[in-house]
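Peer 1: My structure is in target.pdb, and what it holds is PDB, C-alpha atoms, pLDDT in the B column:
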```pdb
ATOM      1  CA  MET T   1     -44.628 -12.701  -4.656  1.00 72.00           C
ATOM      2  CA  ALA T   2     -41.996 -14.003  -7.072  1.00 86.00           C
ATOM      3  CA  ARG T   3     -38.404 -13.803  -5.888  1.00 92.00           C
ATOM      4  CA  LEU T   4     -35.402 -12.483  -7.781  1.00 94.00           C
ATOM      5  CA  PHE T   5     -31.905 -13.797  -7.074  1.00 96.00           C
ATOM      6  CA  ALA T   6     -28.488 -12.530  -8.086  1.00 97.00           C
ATOM      7  CA  ALA T   7     -25.999 -15.366  -8.641  1.00 98.00           C
ATOM      8  CA  LEU T   8     -22.507 -13.963  -8.022  1.00 98.00           C
ATOM      9  CA  ILE T   9     -19.654 -15.899  -9.621  1.00 98.00           C
ATOM     10  CA  ARG T  10     -15.974 -15.231  -9.013  1.00 98.00           C
ATOM     11  CA  HIS T  11     -13.922 -15.972 -12.133  1.00 98.00           C
ATOM     12  CA  GLY T  12     -11.734 -19.086 -12.367  1.00 98.00           C
ATOM     13  CA  ASP T  13      -8.001 -19.305 -11.734  1.00 98.00           C
ATOM     14  CA  TYR T  14      -5.937 -17.583 -14.418  1.00 98.00           C
ATOM     15  CA  HIS T  15      -2.412 -16.922 -15.665  1.00 97.00           C
ATOM     16  CA  GLN T  16      -1.707 -14.263 -13.039  1.00 95.00           C
ATOM     17  CA  LEU T  17       1.669 -12.543 -12.903  1.00 94.00           C
ATOM     18  CA  PRO T  18       3.507 -13.426  -9.661  1.00 93.00           C
ATOM     19  CA  ASP T  19       3.623 -10.868  -6.822  1.00 94.00           C
ATOM     20  CA  THR T  20       1.489  -8.490  -8.900  1.00 95.00           C
ATOM     21  CA  PRO T  21      -1.565  -7.171  -7.029  1.00 90.00           C
ATOM     22  CA  SER T  22      -3.284  -5.480  -9.944  1.00 90.00           C
ATOM     23  CA  ALA T  23      -6.560  -7.263 -10.649  1.00 90.00           C
ATOM     24  CA  HIS T  24      -6.734  -5.656 -14.102  1.00 95.00           C
ATOM     25  CA  GLN T  25      -4.334  -8.165 -15.624  1.00 96.00           C
ATOM     26  CA  PRO T  26      -5.478  -9.196 -19.129  1.00 96.00           C
ATOM     27  CA  TRP T  27      -4.509 -12.879 -19.023  1.00 96.00           C
ATOM     28  CA  PRO T  28      -6.889 -15.803 -19.706  1.00 98.00           C
ATOM     29  CA  LEU T  29      -8.026 -18.690 -17.534  1.00 98.00           C
ATOM     30  CA  ASN T  30      -5.574 -21.516 -17.047  1.00 98.00           C
ATOM     31  CA  SER T  31      -6.615 -25.174 -17.235  1.00 98.00           C
ATOM     32  CA  THR T  32      -7.495 -25.186 -13.528  1.00 98.00           C
ATOM     33  CA  GLY T  33      -9.726 -22.145 -14.018  1.00 98.00           C
ATOM     34  CA  GLU T  34     -11.512 -23.766 -16.935  1.00 98.00           C
ATOM     35  CA  ARG T  35     -12.185 -26.856 -14.826  1.00 98.00           C
ATOM     36  CA  GLN T  36     -13.403 -24.689 -11.928  1.00 98.00           C
ATOM     37  CA  ALA T  37     -15.813 -22.922 -14.275  1.00 98.00           C
ATOM     38  CA  ARG T  38     -17.236 -26.197 -15.584  1.00 98.00           C
ATOM     39  CA  GLU T  39     -17.690 -27.535 -12.066  1.00 98.00           C
ATOM     40  CA  GLY T  40     -19.204 -24.289 -10.802  1.00 98.00           C
ATOM     41  CA  ALA T  41     -21.602 -24.166 -13.724  1.00 98.00           C
ATOM     42  CA  GLN T  42     -22.798 -27.660 -12.862  1.00 98.00           C
ATOM     43  CA  VAL T  43     -23.324 -26.622  -9.228  1.00 98.00           C
ATOM     44  CA  LEU T  44     -25.434 -23.648 -10.330  1.00 98.00           C
ATOM     45  CA  HIS T  45     -27.317 -25.803 -12.835  1.00 98.00           C
ATOM     46  CA  ASP T  46     -28.271 -28.204 -10.039  1.00 98.00           C
ATOM     47  CA  MET T  47     -29.262 -25.358  -7.698  1.00 97.00           C
ATOM     48  CA  ILE T  48     -31.544 -23.753 -10.269  1.00 97.00           C
ATOM     49  CA  THR T  49     -33.081 -27.073 -11.281  1.00 96.00           C
ATOM     50  CA  ARG T  50     -33.870 -28.009  -7.668  1.00 96.00           C
ATOM     51  CA  SER T  51     -35.370 -24.601  -6.891  1.00 94.00           C
ATOM     52  CA  ASP T  52     -37.496 -24.511 -10.056  1.00 90.00           C
ATOM     53  CA  CYS T  53     -36.302 -20.988 -10.854  1.00 94.00           C
ATOM     54  CA  THR T  54     -36.032 -19.374 -14.278  1.00 95.00           C
ATOM     55  CA  LEU T  55     -32.516 -18.391 -15.355  1.00 97.00           C
ATOM     56  CA  LEU T  56     -32.450 -15.076 -17.191  1.00 97.00           C
ATOM     57  CA  PRO T  57     -30.560 -15.373 -20.510  1.00 97.00           C
ATOM     58  CA  CYS T  58     -28.527 -12.152 -20.164  1.00 97.00           C
ATOM     59  CA  PHE T  59     -25.373 -12.598 -18.076  1.00 98.00           C
ATOM     60  CA  ASP T  60     -23.454  -9.573 -16.763  1.00 98.00           C
ATOM     61  CA  SER T  61     -19.665  -9.970 -16.736  1.00 98.00           C
ATOM     62  CA  SER T  62     -16.599  -7.974 -15.885  1.00 98.00           C
ATOM     63  CA  ARG T  63     -14.837  -6.905 -19.071  1.00 98.00           C
ATOM     64  CA  LEU T  64     -11.611  -8.675 -18.013  1.00 98.00           C
ATOM     65  CA  LEU T  65     -10.897 -11.775 -20.080  1.00 98.00           C
ATOM     66  CA  ARG T  66     -10.881 -14.304 -17.249  1.00 98.00           C
ATOM     67  CA  ALA T  67     -14.353 -13.199 -16.159  1.00 98.00           C
ATOM     68  CA  TRP T  68     -15.751 -13.253 -19.699  1.00 98.00           C
ATOM     69  CA  GLN T  69     -14.304 -16.737 -20.287  1.00 98.00           C
ATOM     70  CA  THR T  70     -15.885 -17.928 -17.042  1.00 98.00           C
ATOM     71  CA  ALA T  71     -19.227 -16.473 -18.112  1.00 98.00           C
ATOM     72  CA  ARG T  72     -18.884 -18.194 -21.510  1.00 98.00           C
ATOM     73  CA  ILE T  73     -18.363 -21.601 -19.891  1.00 98.00           C
ATOM     74  CA  PHE T  74     -21.358 -21.012 -17.600  1.00 98.00           C
ATOM     75  CA  ALA T  75     -23.462 -19.953 -20.588  1.00 98.00           C
ATOM     76  CA  ASP T  76     -22.633 -23.145 -22.477  1.00 98.00           C
ATOM     77  CA  ARG T  77     -23.567 -25.367 -19.524  1.00 98.00           C
ATOM     78  CA  LEU T  78     -26.698 -23.448 -18.502  1.00 98.00           C
ATOM     79  CA  ALA T  79     -28.164 -22.900 -21.965  1.00 97.00           C
ATOM     80  CA  ASP T  80     -30.827 -25.579 -21.437  1.00 97.00           C
ATOM     81  CA  LEU T  81     -32.235 -23.559 -18.515  1.00 97.00           C
ATOM     82  CA  THR T  82     -32.816 -20.331 -20.438  1.00 95.00           C
ATOM     83  CA  SER T  83     -35.613 -19.282 -22.758  1.00 89.00           C
ATOM     84  CA  ALA T  84     -33.109 -17.975 -25.319  1.00 96.00           C
ATOM     85  CA  VAL T  85     -29.431 -18.443 -26.120  1.00 96.00           C
ATOM     86  CA  PRO T  86     -27.523 -16.844 -23.210  1.00 97.00           C
ATOM     87  CA  GLN T  87     -25.880 -13.535 -24.061  1.00 98.00           C
ATOM     88  CA  ILE T  88     -22.944 -12.042 -22.162  1.00 98.00           C
ATOM     89  CA  GLU T  89     -22.836  -8.294 -21.574  1.00 98.00           C
ATOM     90  CA  SER T  90     -19.472  -6.933 -20.378  1.00 98.00           C
ATOM     91  CA  TYR T  91     -19.179  -3.994 -17.979  1.00 98.00           C
ATOM     92  CA  ASP T  92     -16.282  -1.956 -16.629  1.00 98.00           C
ATOM     93  CA  GLU T  93     -18.326  -1.490 -13.461  1.00 98.00           C
ATOM     94  CA  LEU T  94     -17.877  -5.151 -12.478  1.00 98.00           C
ATOM     95  CA  ALA T  95     -14.057  -5.027 -12.472  1.00 98.00           C
ATOM     96  CA  GLU T  96     -11.979  -5.597  -9.370  1.00 97.00           C
ATOM     97  CA  ARG T  97     -10.312  -2.726  -7.448  1.00 97.00           C
ATOM     98  CA  GLY T  98      -8.096  -0.683  -9.765  1.00 97.00           C
ATOM     99  CA  VAL T  99      -4.629   0.525  -8.824  1.00 97.00           C
ATOM    100  CA  GLY T 100      -4.545   3.149 -11.557  1.00 96.00           C
ATOM    101  CA  CYS T 101      -1.195   4.071 -13.086  1.00 96.00           C
ATOM    102  CA  LEU T 102       0.478   1.386 -10.951  1.00 96.00           C
ATOM    103  CA  ALA T 103      -1.377  -1.402 -12.745  1.00 96.00           C
ATOM    104  CA  ASN T 104       0.539  -4.622 -13.399  1.00 95.00           C
ATOM    105  CA  LEU T 105       3.617  -3.597 -11.438  1.00 96.00           C
ATOM    106  CA  THR T 106       4.906  -5.974  -8.783  1.00 96.00           C
ATOM    107  CA  ILE T 107       4.426  -5.276  -5.096  1.00 96.00           C
ATOM    108  CA  ALA T 108       8.083  -4.311  -4.773  1.00 96.00           C
ATOM    109  CA  GLN T 109       7.848  -1.936  -7.750  1.00 97.00           C
ATOM    110  CA  ILE T 110       4.697  -0.264  -6.401  1.00 97.00           C
ATOM    111  CA  GLU T 111       6.243   0.282  -2.989  1.00 97.00           C
ATOM    112  CA  SER T 112       9.436   1.577  -4.627  1.00 97.00           C
ATOM    113  CA  VAL T 113       7.467   4.086  -6.723  1.00 97.00           C
ATOM    114  CA  LEU T 114       5.690   5.398  -3.636  1.00 97.00           C
ATOM    115  CA  HIS T 115       8.924   5.577  -1.638  1.00 97.00           C
ATOM    116  CA  GLN T 116      10.573   7.672  -4.370  1.00 97.00           C
ATOM    117  CA  ASP T 117       7.628  10.068  -4.728  1.00 97.00           C
ATOM    118  CA  PRO T 118       8.123  13.028  -2.354  1.00 97.00           C
ATOM    119  CA  ARG T 119       4.432  13.866  -2.510  1.00 96.00           C
ATOM    120  CA  VAL T 120       3.197  10.701  -0.792  1.00 96.00           C
ATOM    121  CA  SER T 121       3.841   8.545   2.248  1.00 94.00           C
ATOM    122  CA  ASP T 122       4.851   4.909   2.212  1.00 94.00           C
ATOM    123  CA  PRO T 123       1.762   2.651   2.245  1.00 96.00           C
ATOM    124  CA  PRO T 124       0.679   0.780   5.388  1.00 96.00           C
ATOM    125  CA  ALA T 125       1.884  -2.792   5.759  1.00 95.00           C
ATOM    126  CA  ASP T 126      -1.587  -4.158   4.996  1.00 95.00           C
ATOM    127  CA  TRP T 127      -2.271  -1.878   2.038  1.00 96.00           C
ATOM    128  CA  LYS T 128      -3.311  -4.663  -0.358  1.00 95.00           C
ATOM    129  CA  ALA T 129      -6.105  -5.894   1.954  1.00 95.00           C
ATOM    130  CA  ASN T 130      -6.984  -2.598   3.678  1.00 97.00           C
ATOM    131  CA  SER T 131     -10.551  -1.793   2.648  1.00 98.00           C
ATOM    132  CA  HIS T 132     -10.164   1.950   3.163  1.00 98.00           C
ATOM    133  CA  TYR T 133      -6.716   2.527   1.679  1.00 98.00           C
ATOM    134  CA  ARG T 134      -6.376   3.993  -1.801  1.00 98.00           C
ATOM    135  CA  LEU T 135      -2.962   4.133  -3.448  1.00 97.00           C
ATOM    136  CA  PRO T 136      -2.236   7.883  -3.682  1.00 97.00           C
ATOM    137  CA  LEU T 137      -1.625   8.047  -7.420  1.00 96.00           C
ATOM    138  CA  GLN T 138      -3.742   8.682 -10.493  1.00 96.00           C
ATOM    139  CA  GLY T 139      -6.643   6.366 -11.194  1.00 96.00           C
ATOM    140  CA  ALA T 140      -6.426   4.211  -8.059  1.00 97.00           C
ATOM    141  CA  GLU T 141      -9.405   3.316  -5.902  1.00 97.00           C
ATOM    142  CA  SER T 142      -9.927   1.647  -2.553  1.00 98.00           C
ATOM    143  CA  LEU T 143     -11.568  -1.727  -2.085  1.00 98.00           C
ATOM    144  CA  LEU T 144     -14.600   0.003  -0.591  1.00 98.00           C
ATOM    145  CA  GLU T 145     -14.853   2.296  -3.599  1.00 98.00           C
ATOM    146  CA  ALA T 146     -14.664  -0.699  -5.936  1.00 98.00           C
ATOM    147  CA  GLY T 147     -17.375  -2.416  -3.916  1.00 98.00           C
ATOM    148  CA  GLU T 148     -19.587   0.646  -4.114  1.00 98.00           C
ATOM    149  CA  ARG T 149     -19.171   0.654  -7.902  1.00 98.00           C
ATOM    150  CA  VAL T 150     -20.101  -3.022  -8.148  1.00 98.00           C
ATOM    151  CA  ALA T 151     -23.027  -2.615  -5.745  1.00 98.00           C
ATOM    152  CA  GLY T 152     -24.352   0.205  -7.903  1.00 98.00           C
ATOM    153  CA  HIS T 153     -24.256  -2.001 -10.975  1.00 98.00           C
ATOM    154  CA  LEU T 154     -25.980  -4.887  -9.197  1.00 97.00           C
ATOM    155  CA  SER T 155     -28.722  -2.651  -7.851  1.00 96.00           C
ATOM    156  CA  HIS T 156     -29.312  -0.905 -11.178  1.00 96.00           C
ATOM    157  CA  SER T 157     -29.308  -4.137 -13.169  1.00 97.00           C
ATOM    158  CA  MET T 158     -31.738  -5.904 -10.841  1.00 95.00           C
ATOM    159  CA  ALA T 159     -34.061  -2.914 -10.565  1.00 94.00           C
ATOM    160  CA  ALA T 160     -34.275  -2.667 -14.360  1.00 94.00           C
ATOM    161  CA  LEU T 161     -35.756  -6.154 -14.715  1.00 93.00           C
ATOM    162  CA  PRO T 162     -39.492  -6.260 -15.436  1.00 89.00           C
ATOM    163  CA  ALA T 163     -41.925  -7.912 -13.048  1.00 86.00           C
ATOM    164  CA  ASP T 164     -42.616 -11.611 -13.491  1.00 88.00           C
ATOM    165  CA  GLU T 165     -44.705 -14.251 -11.744  1.00 85.00           C
ATOM    166  CA  HIS T 166     -41.843 -16.784 -11.581  1.00 90.00           C
ATOM    167  CA  ASP T 167     -38.772 -16.917  -9.351  1.00 94.00           C
ATOM    168  CA  ARG T 168     -35.772 -15.830 -11.419  1.00 96.00           C
ATOM    169  CA  VAL T 169     -31.988 -15.868 -11.274  1.00 97.00           C
ATOM    170  CA  LYS T 170     -29.659 -13.353 -12.924  1.00 97.00           C
ATOM    171  CA  LEU T 171     -25.978 -14.211 -13.297  1.00 98.00           C
ATOM    172  CA  PHE T 172     -23.091 -11.822 -12.548  1.00 98.00           C
ATOM    173  CA  VAL T 173     -19.462 -12.834 -13.132  1.00 98.00           C
ATOM    174  CA  GLY T 174     -16.754 -10.728 -11.560  1.00 98.00           C
ATOM    175  CA  HIS T 175     -14.161 -10.644  -8.809  1.00 98.00           C
ATOM    176  CA  GLY T 176     -14.082 -11.815  -5.218  1.00 97.00           C
ATOM    177  CA  ALA T 177     -12.971  -8.758  -3.248  1.00 97.00           C
ATOM    178  CA  ALA T 178     -15.196  -6.385  -5.225  1.00 98.00           C
ATOM    179  CA  PHE T 179     -18.205  -8.685  -4.727  1.00 98.00           C
ATOM    180  CA  ARG T 180     -17.533  -8.977  -0.978  1.00 98.00           C
ATOM    181  CA  HIS T 181     -17.236  -5.215  -0.592  1.00 98.00           C
ATOM    182  CA  ALA T 182     -20.363  -4.781  -2.712  1.00 98.00           C
ATOM    183  CA  ALA T 183     -22.185  -7.129  -0.333  1.00 97.00           C
ATOM    184  CA  TYR T 184     -21.176  -4.816   2.516  1.00 97.00           C
ATOM    185  CA  HIS T 185     -22.597  -1.783   0.707  1.00 98.00           C
ATOM    186  CA  LEU T 186     -25.794  -3.731   0.019  1.00 96.00           C
ATOM    187  CA  GLY T 187     -26.194  -4.583   3.702  1.00 95.00           C
ATOM    188  CA  VAL T 188     -25.560  -8.310   3.216  1.00 95.00           C
ATOM    189  CA  LEU T 189     -22.236  -8.425   5.109  1.00 96.00           C
ATOM    190  CA  ALA T 190     -21.077  -6.535   8.178  1.00 97.00           C
ATOM    191  CA  PHE T 191     -17.787  -4.723   7.709  1.00 98.00           C
ATOM    192  CA  GLY T 192     -15.946  -7.187   9.942  1.00 96.00           C
ATOM    193  CA  GLN T 193     -17.081 -10.097   7.765  1.00 97.00           C
ATOM    194  CA  ILE T 194     -15.427  -8.797   4.590  1.00 97.00           C
ATOM    195  CA  ARG T 195     -11.975 -10.095   5.524  1.00 92.00           C
ATOM    196  CA  GLN T 196     -13.291 -13.166   7.342  1.00 93.00           C
ATOM    197  CA  LEU T 197     -15.086 -14.556   4.287  1.00 91.00           C
ATOM    198  CA  SER T 198     -13.849 -15.466   0.852  1.00 90.00           C
ATOM    199  CA  MET T 199     -15.359 -16.444  -2.495  1.00 95.00           C
ATOM    200  CA  TYR T 200     -14.097 -19.663  -4.027  1.00 97.00           C
ATOM    201  CA  HIS T 201     -13.375 -19.655  -7.729  1.00 98.00           C
ATOM    202  CA  CYS T 202     -16.565 -20.210  -9.755  1.00 98.00           C
ATOM    203  CA  GLN T 203     -18.712 -21.308  -6.798  1.00 98.00           C
ATOM    204  CA  PRO T 204     -22.071 -19.483  -6.970  1.00 98.00           C
ATOM    205  CA  VAL T 205     -23.231 -17.214  -4.156  1.00 97.00           C
ATOM    206  CA  MET T 206     -26.952 -16.486  -4.290  1.00 95.00           C
ATOM    207  CA  LEU T 207     -28.317 -13.178  -3.024  1.00 95.00           C
ATOM    208  CA  LEU T 208     -32.030 -12.527  -2.709  1.00 90.00           C
ATOM    209  CA  SER T 209     -32.642  -9.168  -4.313  1.00 80.00           C
ATOM    210  CA  LEU T 210     -33.582  -6.341  -1.977  1.00 53.00           C
ATOM    211  CA  ILE T 211     -35.278  -4.621  -4.906  1.00 49.00           C
ATOM    212  CA  HIS T 212     -39.072  -4.861  -4.866  1.00 43.00           C
ATOM    213  CA  ILE T 213     -40.014  -6.509  -8.171  1.00 37.00           C
TER
END
```
How would this structure read if it were set down as structure tokens?

Peer 2:
Amino acid sequence: MARLFAALIRHGDYHQLPDTPSAHQPWPLNSTGERQAREGAQVLHDMITRSDCTLLPCFDSSRLLRAWQTARIFADRLADLTSAVPQIESYDELAERGVGCLANLTIAQIESVLHQDPRVSDPPADWKANSHYRLPLQGAESLLEAGERVAGHLSHSMAALPADEHDRVKLFVGHGAAFRHAAYHLGVLAFGQIRQLSMYHCQPVMLLSLIHI
């Protein structure tokens, strides 16, 4: 039976605001991130060539600019492996954990807002990395909730692919923490492994699809 792989790519380094935990920042890749994307694309190119897989020409990307730019660089390098010119589809569902109305505030500003709000308690010391904790204001989500959203997109996208006799790879470009928490929801990682592991910028992680194709 032909196999179907999801290639998960964390975006490259970007012009991130200092001490600002919101992952919904709109800034582009920096020069380091562009280099990481080129190098990561070459790694994936070599992996696919060695495995004799078919790369599907539709890439799924987070809508955030740094992810789309990463996908664009991958598309340019991998075009010779696809049957058609690679197309990038952008999805809100692949974004990193959202902090809602606290987006793009610094850590100190977020903690000050919560401290001044009589309706809520101060956050725990590890609130940025706590998988269960959701900032108690409008629009925020926990890391586990973000992972569940991403896992749903991965599952739906892979299940929608038609059957084929060849091994295939579908590319997803998004964000490290959301991908790791998605892997937990998909049964790939144990909960304790989420914090222990990390995704390096632009280095592909291949998951064998659990969907029967």

Peer 1: Identify all residues satisfying the PyMOL selection byres ((chain T and resi 110-121) around 12) in the given file; provide them as JSON, numbers by chain.

Peer 2: {"T": [19, 20, 21, 22, 99, 100, 101, 102, 103, 104, 105, 106, 107, 108, 109, 122, 123, 124, 125, 127, 128, 134, 135, 136, 137]}

Peer 1: Taking all atoms listed in the file into account, which of T:Glu39, T:Asp52, T:Glu34, T:Asp13 comes nearest Pro204 (chain T)?

Peer 2: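 Comparing T:Glu39, T:Asp52, T:Glu34, T:Asp13 against Pro204 (chain T), the winner is T:Glu39.
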
Peer 1: Would you write out, as a PyMOL selection string, every residue that the PyMOL selection byres ((chain T and resi 182-187) around 12) captures in this file?

Peer 2: chain T and resi 6+8+93-97+131+143-155+174-181+188-195+197-199+205-211

Peer 1: Around region 59-65 of chain T, fit a box with edges along x, y and z, padding it by 5 Å on each side, then list its centre and edge lengths in Å to one decimal as AutoDock Vina command-line options.

Peer 2:
```
--center_x -18.1 --center_y -9.8 --center_z -18.0 --size_x 24.5 --size_y 15.7 --size_z 14.2
```

Peer 1: Out of T:His201, T:Arg38, T:Arg50, T:Arg63, which residue has the shortest atom-to-atom distance to His24 (chain T) when counting all atoms listed in the file?

Peer 2: T:Arg63

Peer 1: From the set T:Leu64, T:Leu4, T:Tyr200, T:Leu78, which residue has the shortest atom-to-atom contact distance to His45 (chain T), counting only C-alpha atoms?

Peer 2: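 For His45 (chain T), the nearest of the given residues is T:Leu78.
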
Peer 1: Pick from T:Leu55, T:Ala41, T:Ala163, T:Leu29: nearest to Asp76 (chain T), with all atoms listed in the file counted?

Peer 2: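 Nearest to Asp76 (chain T): T:Ala41.
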
Peer 1: Within 12 Å of Arg77 (chain T), counting all atoms listed in the file, which residues show up once you throw out same-chain ones fewer than 6 positions away? Write them as an NGL selection string, please.

Peer 2: :T and (37-46 or 70-71 or 85-86)

Peer 1: Would you mind exporting C-alpha atoms of the selected residues as a PDB file, keeping the file's coordinate frame?

Peer 2:
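So selection.pdb came out as:
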```pdb
ATOM      1  CA  ALA T  37     -15.813 -22.922 -14.275  1.00 98.00           C
ATOM      2  CA  ARG T  38     -17.236 -26.197 -15.584  1.00 98.00           C
ATOM      3  CA  GLU T  39     -17.690 -27.535 -12.066  1.00 98.00           C
ATOM      4  CA  GLY T  40     -19.204 -24.289 -10.802  1.00 98.00           C
ATOM      5  CA  ALA T  41     -21.602 -24.166 -13.724  1.00 98.00           C
ATOM      6  CA  GLN T  42     -22.798 -27.660 -12.862  1.00 98.00           C
ATOM      7  CA  VAL T  43     -23.324 -26.622  -9.228  1.00 98.00           C
ATOM      8  CA  LEU T  44     -25.434 -23.648 -10.330  1.00 98.00           C
ATOM      9  CA  HIS T  45     -27.317 -25.803 -12.835  1.00 98.00           C
ATOM     10  CA  ASP T  46     -28.271 -28.204 -10.039  1.00 98.00           C
ATOM     11  CA  THR T  70     -15.885 -17.928 -17.042  1.00 98.00           C
ATOM     12  CA  ALA T  71     -19.227 -16.473 -18.112  1.00 98.00           C
ATOM     13  CA  VAL T  85     -29.431 -18.443 -26.120  1.00 96.00           C
ATOM     14  CA  PRO T  86     -27.523 -16.844 -23.210  1.00 97.00           C
TER      15      PRO T  86
END
```

Peer 1: Given the choices T:Ala84, T:Ile9, T:Leu17, T:Ala23, which gets closest to Glu141 (chain T) if the distance is worked out from only C-alpha atoms?

Peer 2: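 Of T:Ala84, T:Ile9, T:Leu17, T:Ala23, the one nearest Glu141 (chain T) is T:Ala23, counting only C-alpha atoms.
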
Peer 1: Between T:Lys170, T:His132, T:His11, T:Arg66, which residue has the minimum interatomic distance to Gln87 (chain T), considering only C-alpha atoms?

Peer 2: T:Lys170

Peer 1: Could you give me, as an NGL selection string, the residues that sit within 10 Å of (-38.6, -14.5, -6.8) in the file's coordinates, counting all atoms listed in the file?

Peer 2: :T and (1-5 or 53-54 or 163-169 or 208-209 or 212-213)

Peer 1: So what do you get for CA of Trp27 (chain T) versus CA of Asp126 (chain T), distance-wise?

Peer 2: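 The value is 25.7 Å.
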